[in-house]
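Structure file data03.cif (mmCIF, C-alpha atoms; chains and numbers go by the auth columns) follows.
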data_run
#
loop_
_atom_site.group_PDB
_atom_site.id
_atom_site.type_symbol
_atom_site.label_atom_id
_atom_site.label_comp_id
_atom_site.label_asym_id
_atom_site.label_seq_id
_atom_site.Cartn_x
_atom_site.Cartn_y
_atom_site.Cartn_z
_atom_site.B_iso_or_equiv
_atom_site.auth_seq_id
_atom_site.auth_asym_id
ATOM 1 C CA MET A 1 0.000 0.000 0.000 0.00 1 A
ATOM 2 C CA ASP A 2 1.242 3.495 -0.845 0.00 2 A
ATOM 3 C CA ASP A 3 -0.829 6.310 0.658 0.00 3 A
ATOM 4 C CA THR A 4 0.728 9.752 0.362 0.00 4 A
ATOM 5 C CA THR A 5 -2.352 11.841 1.083 0.00 5 A
ATOM 6 C CA ALA A 6 -1.628 14.734 3.410 0.00 6 A
ATOM 7 C CA SER A 7 -3.762 14.497 6.546 0.00 7 A
ATOM 8 C CA HIS A 8 -3.780 15.859 10.069 0.00 8 A
ATOM 9 C CA SER A 9 -6.100 15.339 12.996 0.00 9 A
ATOM 10 C CA ALA A 10 -9.047 17.715 12.835 0.00 10 A
ATOM 11 C CA THR A 11 -8.643 18.625 16.511 0.00 11 A
ATOM 12 C CA PRO A 12 -7.180 22.142 16.687 0.00 12 A
ATOM 13 C CA VAL A 13 -4.400 22.927 19.122 0.00 13 A
ATOM 14 C CA SER A 14 -3.404 26.521 19.757 0.00 14 A
ATOM 15 C CA PRO A 15 0.174 27.608 19.046 0.00 15 A
ATOM 16 C CA GLU A 16 0.388 28.703 22.695 0.00 16 A
ATOM 17 C CA ILE A 17 -0.344 25.185 23.966 0.00 17 A
ATOM 18 C CA LEU A 18 2.176 23.640 21.585 0.00 18 A
ATOM 19 C CA ALA A 19 4.795 26.175 22.637 0.00 19 A
ATOM 20 C CA ALA A 20 4.113 25.422 26.312 0.00 20 A
ATOM 21 C CA PHE A 21 4.809 21.738 25.771 0.00 21 A
ATOM 22 C CA GLY A 22 8.152 22.802 24.312 0.00 22 A
ATOM 23 C CA THR A 23 9.301 23.658 27.840 0.00 23 A
ATOM 24 C CA ALA A 24 7.803 20.582 29.519 0.00 24 A
ATOM 25 C CA ALA A 25 9.860 17.503 30.387 0.00 25 A
ATOM 26 C CA THR A 26 8.775 14.240 28.785 0.00 26 A
ATOM 27 C CA ALA A 27 9.112 12.609 32.213 0.00 27 A
ATOM 28 C CA VAL A 28 6.460 14.928 33.653 0.00 28 A
ATOM 29 C CA ILE A 29 4.211 14.506 30.611 0.00 29 A
ATOM 30 C CA SER A 30 4.509 10.744 30.947 0.00 30 A
ATOM 31 C CA ASP A 31 3.690 10.904 34.669 0.00 31 A
ATOM 32 C CA ASN A 32 0.429 12.630 33.805 0.00 32 A
ATOM 33 C CA LEU A 33 -0.463 10.046 31.171 0.00 33 A
ATOM 34 C CA ALA A 34 -0.577 7.340 33.859 0.00 34 A
ATOM 35 C CA ARG A 35 3.082 6.607 33.002 0.00 35 A
ATOM 36 C CA LEU A 36 1.914 4.380 30.149 0.00 36 A
ATOM 37 C CA PRO A 37 2.769 6.006 26.763 0.00 37 A
ATOM 38 C CA GLY A 38 6.330 6.487 25.624 0.00 38 A
ATOM 39 C CA ALA A 39 8.664 5.103 22.996 0.00 39 A
ATOM 40 C CA VAL A 40 11.053 2.522 24.442 0.00 40 A
ATOM 41 C CA GLY A 41 14.583 2.242 23.071 0.00 41 A
ATOM 42 C CA LEU A 42 14.833 5.535 21.158 0.00 42 A
ATOM 43 C CA ARG A 43 17.327 8.268 22.007 0.00 43 A
ATOM 44 C CA PRO A 44 18.268 11.696 20.667 0.00 44 A
ATOM 45 C CA PHE A 45 21.037 12.001 18.109 0.00 45 A
ATOM 46 C CA HIS A 46 20.943 15.804 17.769 0.00 46 A
ATOM 47 C CA ARG A 47 22.803 18.379 19.840 0.00 47 A
ATOM 48 C CA GLY A 48 20.001 18.872 22.337 0.00 48 A
ATOM 49 C CA GLY A 49 16.796 20.713 23.025 0.00 49 A
ATOM 50 C CA THR A 50 13.121 19.816 23.164 0.00 50 A
ATOM 51 C CA MET A 51 11.086 18.815 20.122 0.00 51 A
ATOM 52 C CA VAL A 52 7.344 19.445 19.890 0.00 52 A
ATOM 53 C CA GLY A 53 4.995 19.212 16.909 0.00 53 A
ATOM 54 C CA ARG A 54 2.209 17.305 15.187 0.00 54 A
ATOM 55 C CA ALA A 55 2.820 13.785 13.891 0.00 55 A
ATOM 56 C CA LEU A 56 3.216 13.100 10.186 0.00 56 A
ATOM 57 C CA THR A 57 3.319 9.319 10.342 0.00 57 A
ATOM 58 C CA VAL A 58 5.087 6.904 7.999 0.00 58 A
ATOM 59 C CA ARG A 59 5.161 3.116 7.972 0.00 59 A
ATOM 60 C CA THR A 60 7.828 1.473 5.868 0.00 60 A
ATOM 61 C CA ALA A 61 9.345 -1.920 5.186 0.00 61 A
ATOM 62 C CA ALA A 62 12.386 -2.758 7.288 0.00 62 A
ATOM 63 C CA GLY A 63 15.507 -1.133 5.870 0.00 63 A
ATOM 64 C CA ASP A 64 13.621 0.737 3.110 0.00 64 A
ATOM 65 C CA ASN A 65 13.110 4.515 2.995 0.00 65 A
ATOM 66 C CA LEU A 66 11.138 5.076 -0.222 0.00 66 A
ATOM 67 C CA ALA A 67 8.006 5.957 1.778 0.00 67 A
ATOM 68 C CA ILE A 68 9.992 8.456 3.854 0.00 68 A
ATOM 69 C CA HIS A 69 11.174 10.248 0.706 0.00 69 A
ATOM 70 C CA LYS A 70 7.547 10.537 -0.399 0.00 70 A
ATOM 71 C CA ALA A 71 6.465 11.753 3.025 0.00 71 A
ATOM 72 C CA LEU A 72 9.008 14.578 2.871 0.00 72 A
ATOM 73 C CA GLU A 73 6.810 16.076 0.145 0.00 73 A
ATOM 74 C CA LEU A 74 3.878 16.191 2.589 0.00 74 A
ATOM 75 C CA ILE A 75 5.600 18.121 5.385 0.00 75 A
ATOM 76 C CA GLN A 76 3.751 21.091 6.787 0.00 76 A
ATOM 77 C CA PRO A 77 5.476 23.540 9.143 0.00 77 A
ATOM 78 C CA GLY A 78 5.566 22.118 12.652 0.00 78 A
ATOM 79 C CA ASP A 79 5.277 18.467 11.626 0.00 79 A
ATOM 80 C CA VAL A 80 7.281 15.763 13.342 0.00 80 A
ATOM 81 C CA VAL A 81 8.051 12.993 10.848 0.00 81 A
ATOM 82 C CA VAL A 82 7.362 9.780 12.793 0.00 82 A
ATOM 83 C CA VAL A 83 8.654 6.654 11.027 0.00 83 A
ATOM 84 C CA ASP A 84 7.684 3.108 11.924 0.00 84 A
ATOM 85 C CA GLY A 85 10.615 1.126 10.584 0.00 85 A
ATOM 86 C CA GLY A 86 9.756 -1.928 12.620 0.00 86 A
ATOM 87 C CA GLY A 87 12.680 -1.326 14.950 0.00 87 A
ATOM 88 C CA ASP A 88 15.088 -2.748 12.387 0.00 88 A
ATOM 89 C CA THR A 89 18.634 -1.417 12.814 0.00 89 A
ATOM 90 C CA SER A 90 20.387 -3.291 10.007 0.00 90 A
ATOM 91 C CA ARG A 91 20.117 -0.326 7.598 0.00 91 A
ATOM 92 C CA ALA A 92 19.846 3.422 8.119 0.00 92 A
ATOM 93 C CA LEU A 93 16.548 4.964 7.058 0.00 93 A
ATOM 94 C CA VAL A 94 17.558 8.631 7.418 0.00 94 A
ATOM 95 C CA GLY A 95 20.803 10.572 7.291 0.00 95 A
ATOM 96 C CA GLU A 96 22.057 14.133 7.113 0.00 96 A
ATOM 97 C CA ILE A 97 20.547 14.895 3.692 0.00 97 A
ATOM 98 C CA MET A 98 17.025 13.727 4.508 0.00 98 A
ATOM 99 C CA ALA A 99 17.122 15.471 7.883 0.00 99 A
ATOM 100 C CA SER A 100 18.225 18.661 6.128 0.00 100 A
ATOM 101 C CA ILE A 101 15.348 18.374 3.658 0.00 101 A
ATOM 102 C CA ALA A 102 12.862 17.899 6.498 0.00 102 A
ATOM 103 C CA LYS A 103 14.276 20.908 8.357 0.00 103 A
ATOM 104 C CA SER A 104 14.190 23.094 5.240 0.00 104 A
ATOM 105 C CA ARG A 105 10.499 22.303 4.786 0.00 105 A
ATOM 106 C CA GLY A 106 9.624 23.365 8.314 0.00 106 A
ATOM 107 C CA ALA A 107 9.555 20.044 10.131 0.00 107 A
ATOM 108 C CA ALA A 108 9.935 20.199 13.902 0.00 108 A
ATOM 109 C CA GLY A 109 11.937 16.969 14.028 0.00 109 A
ATOM 110 C CA MET A 110 12.133 13.297 13.091 0.00 110 A
ATOM 111 C CA VAL A 111 11.464 10.153 15.123 0.00 111 A
ATOM 112 C CA ILE A 112 12.754 6.921 13.582 0.00 112 A
ATOM 113 C CA ASP A 113 11.957 3.493 14.982 0.00 113 A
ATOM 114 C CA GLY A 114 15.008 2.157 13.210 0.00 114 A
ATOM 115 C CA ALA A 115 18.509 3.378 12.470 0.00 115 A
ATOM 116 C CA ILE A 116 20.036 6.608 11.191 0.00 116 A
ATOM 117 C CA ARG A 117 23.466 7.375 9.773 0.00 117 A
ATOM 118 C CA ASP A 118 25.697 10.459 9.565 0.00 118 A
ATOM 119 C CA ALA A 119 25.546 10.471 13.348 0.00 119 A
ATOM 120 C CA LYS A 120 28.456 12.905 13.665 0.00 120 A
ATOM 121 C CA ALA A 121 26.756 15.511 11.479 0.00 121 A
ATOM 122 C CA LEU A 122 23.419 15.053 13.225 0.00 122 A
ATOM 123 C CA SER A 123 25.075 15.396 16.640 0.00 123 A
ATOM 124 C CA ARG A 124 26.210 18.899 15.645 0.00 124 A
ATOM 125 C CA SER A 125 22.715 19.925 14.535 0.00 125 A
ATOM 126 C CA ASP A 126 19.915 21.535 16.544 0.00 126 A
ATOM 127 C CA PHE A 127 17.342 19.775 14.341 0.00 127 A
ATOM 128 C CA PRO A 128 15.751 17.109 16.561 0.00 128 A
ATOM 129 C CA CYS A 129 16.323 13.533 15.466 0.00 129 A
ATOM 130 C CA PHE A 130 15.475 10.496 17.594 0.00 130 A
ATOM 131 C CA ALA A 131 16.259 6.923 16.575 0.00 131 A
ATOM 132 C CA ARG A 132 17.083 3.481 17.882 0.00 132 A
ATOM 133 C CA ALA A 133 20.669 3.209 16.588 0.00 133 A
ATOM 134 C CA ALA A 134 23.233 4.452 14.070 0.00 134 A
ATOM 135 C CA ILE A 135 24.761 2.376 11.292 0.00 135 A
ATOM 136 C CA HIS A 136 26.673 3.147 8.108 0.00 136 A
ATOM 137 C CA ARG A 137 24.690 0.760 5.869 0.00 137 A
ATOM 138 C CA GLY A 138 22.275 2.554 3.566 0.00 138 A
ATOM 139 C CA PRO A 139 18.626 1.728 2.846 0.00 139 A
ATOM 140 C CA TYR A 140 16.752 0.081 0.024 0.00 140 A
ATOM 141 C CA LYS A 141 14.334 2.235 -1.963 0.00 141 A
ATOM 142 C CA ASN A 142 11.817 -0.315 -3.172 0.00 142 A
ATOM 143 C CA GLY A 143 8.822 0.088 -0.862 0.00 143 A
ATOM 144 C CA PRO A 144 6.210 -0.692 0.198 0.00 144 A
ATOM 145 C CA GLY A 145 5.134 1.975 2.641 0.00 145 A
ATOM 146 C CA GLU A 146 2.334 4.342 3.609 0.00 146 A
ATOM 147 C CA SER A 147 1.786 7.719 5.214 0.00 147 A
ATOM 148 C CA ASN A 148 -0.801 9.174 7.573 0.00 148 A
ATOM 149 C CA VAL A 149 -1.746 5.887 9.196 0.00 149 A
ATOM 150 C CA PRO A 150 -1.455 4.787 12.840 0.00 150 A
ATOM 151 C CA VAL A 151 2.066 3.549 13.574 0.00 151 A
ATOM 152 C CA THR A 152 3.919 1.954 16.459 0.00 152 A
ATOM 153 C CA ILE A 153 7.156 3.550 17.634 0.00 153 A
ATOM 154 C CA GLY A 154 9.081 1.694 20.315 0.00 154 A
ATOM 155 C CA GLY A 155 5.827 0.160 21.550 0.00 155 A
ATOM 156 C CA MET A 156 3.947 3.496 21.521 0.00 156 A
ATOM 157 C CA VAL A 157 1.020 3.947 19.123 0.00 157 A
ATOM 158 C CA VAL A 158 1.054 7.291 17.294 0.00 158 A
ATOM 159 C CA HIS A 159 -1.850 8.547 15.194 0.00 159 A
ATOM 160 C CA PRO A 160 -1.579 11.178 12.459 0.00 160 A
ATOM 161 C CA GLY A 161 -1.845 14.601 14.064 0.00 161 A
ATOM 162 C CA ASP A 162 -0.917 13.463 17.568 0.00 162 A
ATOM 163 C CA ILE A 163 1.262 15.840 19.551 0.00 163 A
ATOM 164 C CA VAL A 164 4.808 14.511 19.823 0.00 164 A
ATOM 165 C CA VAL A 165 7.305 15.744 22.416 0.00 165 A
ATOM 166 C CA GLY A 166 10.925 14.652 22.673 0.00 166 A
ATOM 167 C CA ASP A 167 13.865 15.551 24.894 0.00 167 A
ATOM 168 C CA GLU A 168 16.960 13.961 26.387 0.00 168 A
ATOM 169 C CA ASP A 169 14.816 11.342 28.175 0.00 169 A
ATOM 170 C CA GLY A 170 12.996 10.159 25.065 0.00 170 A
ATOM 171 C CA VAL A 171 9.760 10.618 23.122 0.00 171 A
ATOM 172 C CA VAL A 172 6.095 10.671 24.140 0.00 172 A
ATOM 173 C CA ALA A 173 2.945 11.282 22.077 0.00 173 A
ATOM 174 C CA PHE A 174 -0.685 11.974 22.928 0.00 174 A
ATOM 175 C CA PRO A 175 -3.957 12.978 21.232 0.00 175 A
ATOM 176 C CA PRO A 176 -4.507 16.700 20.661 0.00 176 A
ATOM 177 C CA ALA A 177 -7.962 16.440 22.239 0.00 177 A
ATOM 178 C CA ILE A 178 -6.408 16.067 25.703 0.00 178 A
ATOM 179 C CA ALA A 179 -3.647 18.636 25.236 0.00 179 A
ATOM 180 C CA ALA A 180 -5.183 21.507 27.201 0.00 180 A
ATOM 181 C CA ASP A 181 -6.080 19.417 30.257 0.00 181 A
ATOM 182 C CA LEU A 182 -2.769 17.573 30.119 0.00 182 A
ATOM 183 C CA LEU A 183 -0.854 20.847 30.034 0.00 183 A
ATOM 184 C CA LYS A 184 -2.608 22.049 33.209 0.00 184 A
ATOM 185 C CA ALA A 185 -1.685 18.820 34.987 0.00 185 A
ATOM 186 C CA VAL A 186 1.920 19.026 33.764 0.00 186 A
ATOM 187 C CA GLN A 187 2.269 22.629 34.913 0.00 187 A
ATOM 188 C CA GLY A 188 0.823 21.699 38.300 0.00 188 A
ATOM 189 C CA GLN A 189 3.371 18.935 38.768 0.00 189 A
ATOM 190 C CA GLU A 190 6.188 21.220 37.616 0.00 190 A
ATOM 191 C CA ALA A 191 5.178 23.783 40.250 0.00 191 A
ATOM 192 C CA HIS A 192 5.075 21.077 42.926 0.00 192 A
ATOM 193 C CA GLU A 193 8.504 19.730 41.961 0.00 193 A
ATOM 194 C CA ALA A 194 9.971 23.239 41.902 0.00 194 A
ATOM 195 C CA GLU A 195 8.759 23.756 45.474 0.00 195 A
ATOM 196 C CA VAL A 196 10.243 20.406 46.554 0.00 196 A
ATOM 197 C CA LEU A 197 13.610 21.426 45.117 0.00 197 A
ATOM 198 C CA ARG A 198 13.411 24.798 46.894 0.00 198 A
ATOM 199 C CA SER A 199 12.650 23.057 50.179 0.00 199 A
ATOM 200 C CA ILE A 200 15.676 20.794 49.702 0.00 200 A
ATOM 201 C CA ALA A 201 17.943 23.738 48.951 0.00 201 A
ATOM 202 C CA GLU A 202 16.642 25.629 51.997 0.00 202 A
ATOM 203 C CA GLY A 203 16.833 22.649 54.364 0.00 203 A
ATOM 204 C CA ARG A 204 13.048 22.416 54.785 0.00 204 A
ATOM 205 C CA TYR A 205 12.523 19.077 53.025 0.00 205 A
ATOM 206 C CA VAL A 206 10.914 16.501 55.321 0.00 206 A
ATOM 207 C CA GLY A 207 10.817 13.435 53.074 0.00 207 A
ATOM 208 C CA ALA A 208 7.498 13.840 51.302 0.00 208 A
ATOM 209 C CA TYR A 209 6.555 11.027 48.934 0.00 209 A
ATOM 210 C CA ALA A 210 8.233 11.662 45.577 0.00 210 A
ATOM 211 C CA ARG A 211 6.058 11.532 42.500 0.00 211 A
#

I'd like the structure from this file rewritten - as structure tokens, please.
Amino acid sequence: MDDTTASHSATPVSPEILAAFGTAATAVISDNLARLPGAVGLRPFHRGGTMVGRALTVRTAAGDNLAIHKALELIQPGDVVVVDGGGDTSRALVGEIMASIAKSRGAAGMVIDGAIRDAKALSRSDFPCFARAAIHRGPYKNGPGESNVPVTIGGMVVHPGDIVVGDEDGVVAFPPAIAADLLKAVQGQEAHEAEVLRSIAEGRYVGAYAR
């Protein structure tokens, strides 16, 4: 199957809410999602910083990046290209050139459940790129693949248009319909944790149960 129709979730999310998630830790977001969602086994390969955007999903055959090339034509500003490569790390699906194309078209980052290459170049870049591993071996370009379908990334299901956040701890995604309520809960926990840290620094901490 080869579906390259551009599609996003119809649920609107304000730019202010998206920007607020850009300063939230994935650990705190995960805590407020019952600690259930989250991609296992992926790590950042870029220089650092938080990624936040809407999911442009891609599913591809192991070791093949033809569908990713096609998906690059669908990028809208703020998209996170989320690639279900089946967790295969025998061949790189994305490298410096494809990451540069995605960045030039306004993508907010890339999440690859598979391998990347050009790790040295990507490590010097501020463009967010998360993957399972790095390897020099290049991909096939035969297909099949599809875009804008539900995918699984490190055990986490991601739907087209989901909000995706990534930082040094990993990647988490959630439906836009819960974004506003989730943000309030995240900000509440952040305020609580900030007070705990102040109490430690000031010698007032009395061993309250840590979240």

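Candidate residues A:Pro15, A:Pro44, A:Gly207, A:Gly85 were compared for distance to Glu168 (chain A), and the nearest is A:Pro44, using all atoms listed in the file.
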
I'd like to see the residues matched by the PyMOL selection byres ((chain A and resi 156) around 7) on this file, and ideally I'd get them as a CSV table (one decimal) with C-alpha atoms, keeping the file's coordinate frame.
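For reference, selection.csv as written:
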chain,number,residue,atom,x,y,z
A,37,PRO,CA,2.8,6.0,26.8
A,38,GLY,CA,6.3,6.5,25.6
A,39,ALA,CA,8.7,5.1,23.0
A,152,THR,CA,3.9,2.0,16.5
A,153,ILE,CA,7.2,3.6,17.6
A,154,GLY,CA,9.1,1.7,20.3
A,155,GLY,CA,5.8,0.2,21.6
A,157,VAL,CA,1.0,3.9,19.1
A,158,VAL,CA,1.1,7.3,17.3

Between CA of Phe174 (chain A) and CA of Ala34 (chain A) - distance in Å to one decimal: 11.9 Å

Matched chain/residue IDs from the PyMOL selection byres ((chain A and resi 177) around 12), as a PyMOL selection string: chain A and resi 9-14+17+161-163+174-176+178-183

Chain and number of each residue from the PyMOL selection byres ((chain A and resi 121-131) around 6), as a PyMOL selection string: chain A and resi 42-47+109-115+118-120+132-133

Counting all atoms listed in the file, the option among A:Val83, A:Gln189, A:Ala19, A:Gly203 closest to Thr50 (chain A):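 Among the listed residues, A:Ala19 lies closest to Thr50 (chain A).
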
Around region 52-67 of chain A, fit a box with edges along x, y and z, padding it by 6 Å on each side, then list its centre and edge lengths in Å to one decimal as JSON.
{"center_x": 8.9, "center_y": 8.3, "center_z": 9.8, "size_x": 25.3, "size_y": 34.2, "size_z": 32.1}

Distance of CA of Asp79 (chain A) from CA of Gly106 (chain A), expressed in Å to one decimal place: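 Separating CA of Gly106 (chain A) from CA of Asp79 (chain A) is a distance of 7.3 Å.
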
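Among the candidate residues A:Val82, A:Ala24, A:Ile75, A:Ala61, the one lying nearest to Ala191 (chain A) is A:Ala24, with distances computed using only C-alpha atoms.
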
Distance in Å - CA of Arg137 (chain A) versus CA of Arg117 (chain A): 7.8 Å

Nearest-residue call for Val94 (chain A), choices A:Val164, A:Ala55, A:Ala173, A:Ala134, using only C-alpha atoms: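 Ranking A:Val164, A:Ala55, A:Ala173, A:Ala134 by distance to Val94 (chain A), first place goes to A:Ala134.
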
Of the listed residues A:Lys103, A:His159, A:Arg91, A:Arg198, that which approaches Pro139 (chain A) most closely, counting only C-alpha atoms: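 Under the stated criterion, the closest residue is A:Arg91.
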
Of the listed residues A:Ser30, A:Ser199, A:Gln187, A:Thr60, that which approaches Pro144 (chain A) most closely, counting all atoms listed in the file: A:Thr60

Contact residues around Gly145 (chain A) with all atoms listed in the file at 12 Å, ignoring same-chain residues under 5 positions, as JSON, numbers by chain: {"A": [1, 2, 3, 4, 57, 58, 59, 60, 61, 62, 63, 64, 65, 66, 67, 68, 69, 70, 71, 83, 84, 85, 86, 151]}

How would the residues just chosen look if you wrote them out with C-alpha atoms as a PDB file, keeping the file's coordinate frame?
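Final file, again-v3.pdb:
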ATOM      1  CA  MET A   1       0.000   0.000   0.000  1.00  0.00           C
ATOM      2  CA  ASP A   2       1.242   3.495  -0.845  1.00  0.00           C
ATOM      3  CA  ASP A   3      -0.829   6.310   0.658  1.00  0.00           C
ATOM      4  CA  THR A   4       0.728   9.752   0.362  1.00  0.00           C
ATOM      5  CA  THR A  57       3.319   9.319  10.342  1.00  0.00           C
ATOM      6  CA  VAL A  58       5.087   6.904   7.999  1.00  0.00           C
ATOM      7  CA  ARG A  59       5.161   3.116   7.972  1.00  0.00           C
ATOM      8  CA  THR A  60       7.828   1.473   5.868  1.00  0.00           C
ATOM      9  CA  ALA A  61       9.345  -1.920   5.186  1.00  0.00           C
ATOM     10  CA  ALA A  62      12.386  -2.758   7.288  1.00  0.00           C
ATOM     11  CA  GLY A  63      15.507  -1.133   5.870  1.00  0.00           C
ATOM     12  CA  ASP A  64      13.621   0.737   3.110  1.00  0.00           C
ATOM     13  CA  ASN A  65      13.110   4.515   2.995  1.00  0.00           C
ATOM     14  CA  LEU A  66      11.138   5.076  -0.222  1.00  0.00           C
ATOM     15  CA  ALA A  67       8.006   5.957   1.778  1.00  0.00           C
ATOM     16  CA  ILE A  68       9.992   8.456   3.854  1.00  0.00           C
ATOM     17  CA  HIS A  69      11.174  10.248   0.706  1.00  0.00           C
ATOM     18  CA  LYS A  70       7.547  10.537  -0.399  1.00  0.00           C
ATOM     19  CA  ALA A  71       6.465  11.753   3.025  1.00  0.00           C
ATOM     20  CA  VAL A  83       8.654   6.654  11.027  1.00  0.00           C
ATOM     21  CA  ASP A  84       7.684   3.108  11.924  1.00  0.00           C
ATOM     22  CA  GLY A  85      10.615   1.126  10.584  1.00  0.00           C
ATOM     23  CA  GLY A  86       9.756  -1.928  12.620  1.00  0.00           C
ATOM     24  CA  VAL A 151       2.066   3.549  13.574  1.00  0.00           C
TER      25      VAL A 151
END

Using the partial input, fill out region 81-88 of chain A with all heavy atoms; write the result as a short mmCIF file (atom, residue, chain, number, x, y, z; two decimals), in the coordinates of the input.
data_model
loop_
_atom_site.label_atom_id
_atom_site.label_comp_id
_atom_site.auth_asym_id
_atom_site.auth_seq_id
_atom_site.Cartn_x
_atom_site.Cartn_y
_atom_site.Cartn_z
N VAL A 81 8.11 14.17 11.71
CA VAL A 81 8.05 12.99 10.85
C VAL A 81 8.32 11.77 11.72
O VAL A 81 9.41 11.60 12.25
CB VAL A 81 9.07 13.08 9.70
CG1 VAL A 81 8.96 11.85 8.80
CG2 VAL A 81 8.86 14.36 8.90
N VAL A 82 7.30 10.93 11.90
CA VAL A 82 7.36 9.78 12.79
C VAL A 82 7.35 8.52 11.95
O VAL A 82 6.36 8.22 11.28
CB VAL A 82 6.18 9.79 13.77
CG1 VAL A 82 6.23 8.57 14.68
CG2 VAL A 82 6.16 11.07 14.59
N VAL A 83 8.46 7.78 11.95
CA VAL A 83 8.65 6.65 11.03
C VAL A 83 8.66 5.33 11.78
O VAL A 83 9.51 5.10 12.65
CB VAL A 83 9.97 6.82 10.25
CG1 VAL A 83 10.17 5.63 9.30
CG2 VAL A 83 9.97 8.12 9.47
N ASP A 84 7.72 4.47 11.42
CA ASP A 84 7.68 3.11 11.92
C ASP A 84 8.49 2.23 10.97
O ASP A 84 8.01 1.82 9.93
CB ASP A 84 6.23 2.64 12.01
CG ASP A 84 6.08 1.22 12.53
OD1 ASP A 84 7.11 0.53 12.71
OD2 ASP A 84 4.93 0.80 12.75
N GLY A 85 9.74 1.99 11.37
CA GLY A 85 10.62 1.13 10.58
C GLY A 85 10.72 -0.27 11.16
O GLY A 85 11.65 -1.02 10.84
N GLY A 86 9.77 -0.60 12.04
CA GLY A 86 9.76 -1.93 12.62
C GLY A 86 10.86 -2.19 13.61
O GLY A 86 11.07 -3.34 14.02
N GLY A 87 11.58 -1.15 14.00
CA GLY A 87 12.68 -1.33 14.95
C GLY A 87 13.92 -1.95 14.35
O GLY A 87 14.89 -2.22 15.07
N ASP A 88 13.93 -2.13 13.04
CA ASP A 88 15.09 -2.75 12.39
C ASP A 88 16.27 -1.78 12.38
O ASP A 88 16.13 -0.61 12.03
CB ASP A 88 14.74 -3.12 10.95
CG ASP A 88 15.90 -3.75 10.22
OD1 ASP A 88 16.15 -4.94 10.43
OD2 ASP A 88 16.57 -3.04 9.44
#
